[in-house]
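Colleague: Just one file: query-v8.cif, with mmCIF, C-alpha atoms, pLDDT in the B column; chains and numbers go by the auth columns.
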data_my_file
#
loop_
_atom_site.group_PDB
_atom_site.id
_atom_site.type_symbol
_atom_site.label_atom_id
_atom_site.label_comp_id
_atom_site.label_asym_id
_atom_site.label_seq_id
_atom_site.Cartn_x
_atom_site.Cartn_y
_atom_site.Cartn_z
_atom_site.B_iso_or_equiv
_atom_site.auth_seq_id
_atom_site.auth_asym_id
ATOM 1 C CA MET A 1 -10.858 21.997 6.927 64.00 1 L
ATOM 2 C CA VAL A 2 -10.194 21.523 3.237 67.00 2 L
ATOM 3 C CA GLU A 3 -9.762 18.012 1.916 86.00 3 L
ATOM 4 C CA ALA A 4 -7.718 17.381 -1.228 92.00 4 L
ATOM 5 C CA THR A 5 -7.102 14.238 -3.234 94.00 5 L
ATOM 6 C CA ALA A 6 -3.826 13.378 -4.937 96.00 6 L
ATOM 7 C CA THR A 7 -2.553 10.329 -6.745 96.00 7 L
ATOM 8 C CA ALA A 8 0.575 8.674 -5.370 95.00 8 L
ATOM 9 C CA THR A 9 2.515 10.064 -8.345 96.00 9 L
ATOM 10 C CA GLU A 10 1.210 13.607 -7.769 96.00 10 L
ATOM 11 C CA MET A 11 2.136 13.314 -4.108 95.00 11 L
ATOM 12 C CA LYS A 12 5.638 12.165 -4.962 95.00 12 L
ATOM 13 C CA ASN A 13 6.170 14.894 -7.568 97.00 13 L
ATOM 14 C CA ASN A 14 4.607 17.727 -5.523 97.00 14 L
ATOM 15 C CA PHE A 15 5.340 16.739 -1.930 96.00 15 L
ATOM 16 C CA GLY A 16 6.098 20.308 -0.845 96.00 16 L
ATOM 17 C CA LYS A 17 2.696 21.523 -2.029 96.00 17 L
ATOM 18 C CA TYR A 18 0.859 18.809 -0.088 96.00 18 L
ATOM 19 C CA LEU A 19 3.079 19.238 2.960 95.00 19 L
ATOM 20 C CA GLU A 20 2.161 22.934 3.029 95.00 20 L
ATOM 21 C CA MET A 21 -1.542 22.015 2.862 94.00 21 L
ATOM 22 C CA VAL A 22 -1.156 19.728 5.880 94.00 22 L
ATOM 23 C CA ILE A 23 0.815 22.364 7.783 93.00 23 L
ATOM 24 C CA ARG A 24 -2.192 24.682 7.267 92.00 24 L
ATOM 25 C CA GLY A 25 -4.476 22.047 8.841 90.00 25 L
ATOM 26 C CA ASN A 26 -5.824 20.387 5.706 92.00 26 L
ATOM 27 C CA GLU A 27 -6.067 16.704 4.905 91.00 27 L
ATOM 28 C CA VAL A 28 -4.818 15.046 1.709 94.00 28 L
ATOM 29 C CA ILE A 29 -6.239 11.720 0.539 93.00 29 L
ATOM 30 C CA ILE A 30 -3.721 9.686 -1.455 95.00 30 L
ATOM 31 C CA THR A 31 -4.958 7.347 -4.164 95.00 31 L
ATOM 32 C CA LYS A 32 -3.384 4.719 -6.364 95.00 32 L
ATOM 33 C CA ASN A 33 -5.232 3.137 -9.276 94.00 33 L
ATOM 34 C CA GLY A 34 -8.380 4.978 -8.169 92.00 34 L
ATOM 35 C CA LYS A 35 -8.419 3.567 -4.628 93.00 35 L
ATOM 36 C CA GLU A 36 -7.657 5.402 -1.413 92.00 36 L
ATOM 37 C CA ILE A 37 -4.397 4.092 0.013 93.00 37 L
ATOM 38 C CA GLY A 38 -3.706 6.620 2.744 90.00 38 L
ATOM 39 C CA ARG A 39 -4.219 10.033 4.246 89.00 39 L
ATOM 40 C CA PHE A 40 -1.734 12.776 4.950 91.00 40 L
ATOM 41 C CA ILE A 41 -3.106 14.603 7.990 88.00 41 L
ATOM 42 C CA PRO A 42 -1.946 17.096 10.613 87.00 42 L
ATOM 43 C CA LYS A 43 -0.687 15.559 13.859 81.00 43 L
ATOM 44 C CA SER A 44 -3.540 17.101 15.842 76.00 44 L
ATOM 45 C CA LYS A 45 -6.047 15.385 13.553 74.00 45 L
ATOM 46 C CA SER A 46 -4.478 11.946 14.073 70.00 46 L
ATOM 47 C CA ILE A 47 -5.212 12.182 17.782 65.00 47 L
ATOM 48 C CA SER A 48 -8.897 12.873 17.111 61.00 48 L
ATOM 49 C CA TYR A 49 -9.137 9.823 14.794 60.00 49 L
ATOM 50 C CA LEU A 50 -7.807 7.616 17.586 62.00 50 L
ATOM 51 C CA THR A 51 -10.064 9.225 20.174 67.00 51 L
ATOM 52 C CA ASP A 52 -13.149 8.843 17.978 61.00 52 L
ATOM 53 C CA SER A 53 -12.510 5.144 17.401 61.00 53 L
ATOM 54 C CA LEU A 54 -11.839 4.496 21.087 65.00 54 L
ATOM 55 C CA THR A 55 -15.001 6.349 22.118 63.00 55 L
ATOM 56 C CA GLY A 56 -17.138 3.723 20.392 58.00 56 L
ATOM 57 C CA ILE A 57 -15.289 0.946 22.199 57.00 57 L
ATOM 58 C CA ILE A 58 -15.575 2.625 25.589 59.00 58 L
ATOM 59 C CA LYS A 59 -19.306 3.311 25.124 61.00 59 L
ATOM 60 C CA ASP A 60 -19.729 -0.373 24.211 59.00 60 L
ATOM 61 C CA ASP A 61 -21.455 0.493 20.947 63.00 61 L
ATOM 62 C CA TYR A 62 -18.617 -0.928 18.894 63.00 62 L
ATOM 63 C CA ASP A 63 -19.213 -4.188 17.015 72.00 63 L
ATOM 64 C CA LEU A 64 -15.749 -5.716 16.524 69.00 64 L
ATOM 65 C CA LYS A 65 -16.991 -8.629 14.395 77.00 65 L
ATOM 66 C CA GLU A 66 -18.881 -6.302 12.060 79.00 66 L
ATOM 67 C CA THR A 67 -15.919 -3.942 11.818 75.00 67 L
ATOM 68 C CA LYS A 68 -13.574 -6.820 10.946 75.00 68 L
ATOM 69 C CA ARG A 69 -16.032 -8.148 8.357 78.00 69 L
ATOM 70 C CA LYS A 70 -16.322 -4.756 6.661 80.00 70 L
ATOM 71 C CA ALA A 71 -12.551 -4.273 6.670 74.00 71 L
ATOM 72 C CA LEU A 72 -11.931 -7.674 5.112 75.00 72 L
ATOM 73 C CA ASN A 73 -14.682 -7.137 2.554 78.00 73 L
ATOM 74 C CA SER A 74 -13.252 -3.805 1.458 75.00 74 L
ATOM 75 C CA ARG A 75 -9.641 -5.000 1.481 70.00 75 L
ATOM 76 C CA TYR A 76 -10.280 -8.141 -0.508 70.00 76 L
ATOM 77 C CA ALA A 77 -13.305 -6.943 -2.511 63.00 77 L
ATOM 78 C CA LEU A 78 -15.585 -9.582 -1.012 57.00 78 L
ATOM 79 C CA SER A 79 -19.321 -9.176 -1.394 54.00 79 L
ATOM 80 C CA ASP A 80 -21.393 -8.169 1.633 50.00 80 L
#
Output the structure of this file as structure tokens.
Modeller:
Amino acid sequence: MVEATATATEMKNNFGKYLEMVIRGNEVIITKNGKEIGRFIPKSKSISYLTDSLTGIIKDDYDLKETKRKALNSRYALSD
């Protein structure tokens, strides 16, 4: 799988190009002001993301408090 990065403006101006990449099974990371804001991925890949996250929960090796802390820290630029 090839991974590409595009700014939000590039994505908007060249949507067809990035859509074709996703159709071919590739993933496109979308950035704005240098930060990742989203991913454009094939449908089949979205299922594996969900499965991978649920696997940790089912195996009971998932630390919800730690995951929440990391998410808040990254979202609001808090220090660890």
Colleague: Can you give me, as a compact mmCIF listing (two decimals) with C-alpha atoms, in the coordinates of the input, the residues this file yields under the PyMOL selection byres ((chain L and resi 7-20) around 6)?
Modeller:
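Ended up saving to out-v6.txt:
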# COMPACT_ATOMS: atom_id res chain seq x y z
CA ALA L 6 -3.83 13.38 -4.94
CA MET L 21 -1.54 22.02 2.86
CA VAL L 22 -1.16 19.73 5.88
CA ILE L 23 0.82 22.36 7.78
CA ILE L 30 -3.72 9.69 -1.46
CA THR L 31 -4.96 7.35 -4.16
CA LYS L 32 -3.38 4.72 -6.36
Colleague: Using all atoms listed in the file, can you tell me which of L:Leu72, L:Ala4, L:Glu27, L:Asp63 comes closest to Phe40 in chain L?
Modeller: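 Looking at the shortest contact to Phe40 in chain L, the residue is L:Glu27.
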Colleague: Calculated over all atoms listed in the file, which of the candidates L:Thr5, L:Thr67, L:Ile41, L:Ser46 has the smallest distance to Ile29 in chain L?
Modeller: L:Thr5
Colleague: What gap, in Å, lies between CA of Asn33 in chain L and CA of Ala71 in chain L?
Modeller: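 CA of Ala71 in chain L lies 19.0 Å from CA of Asn33 in chain L.
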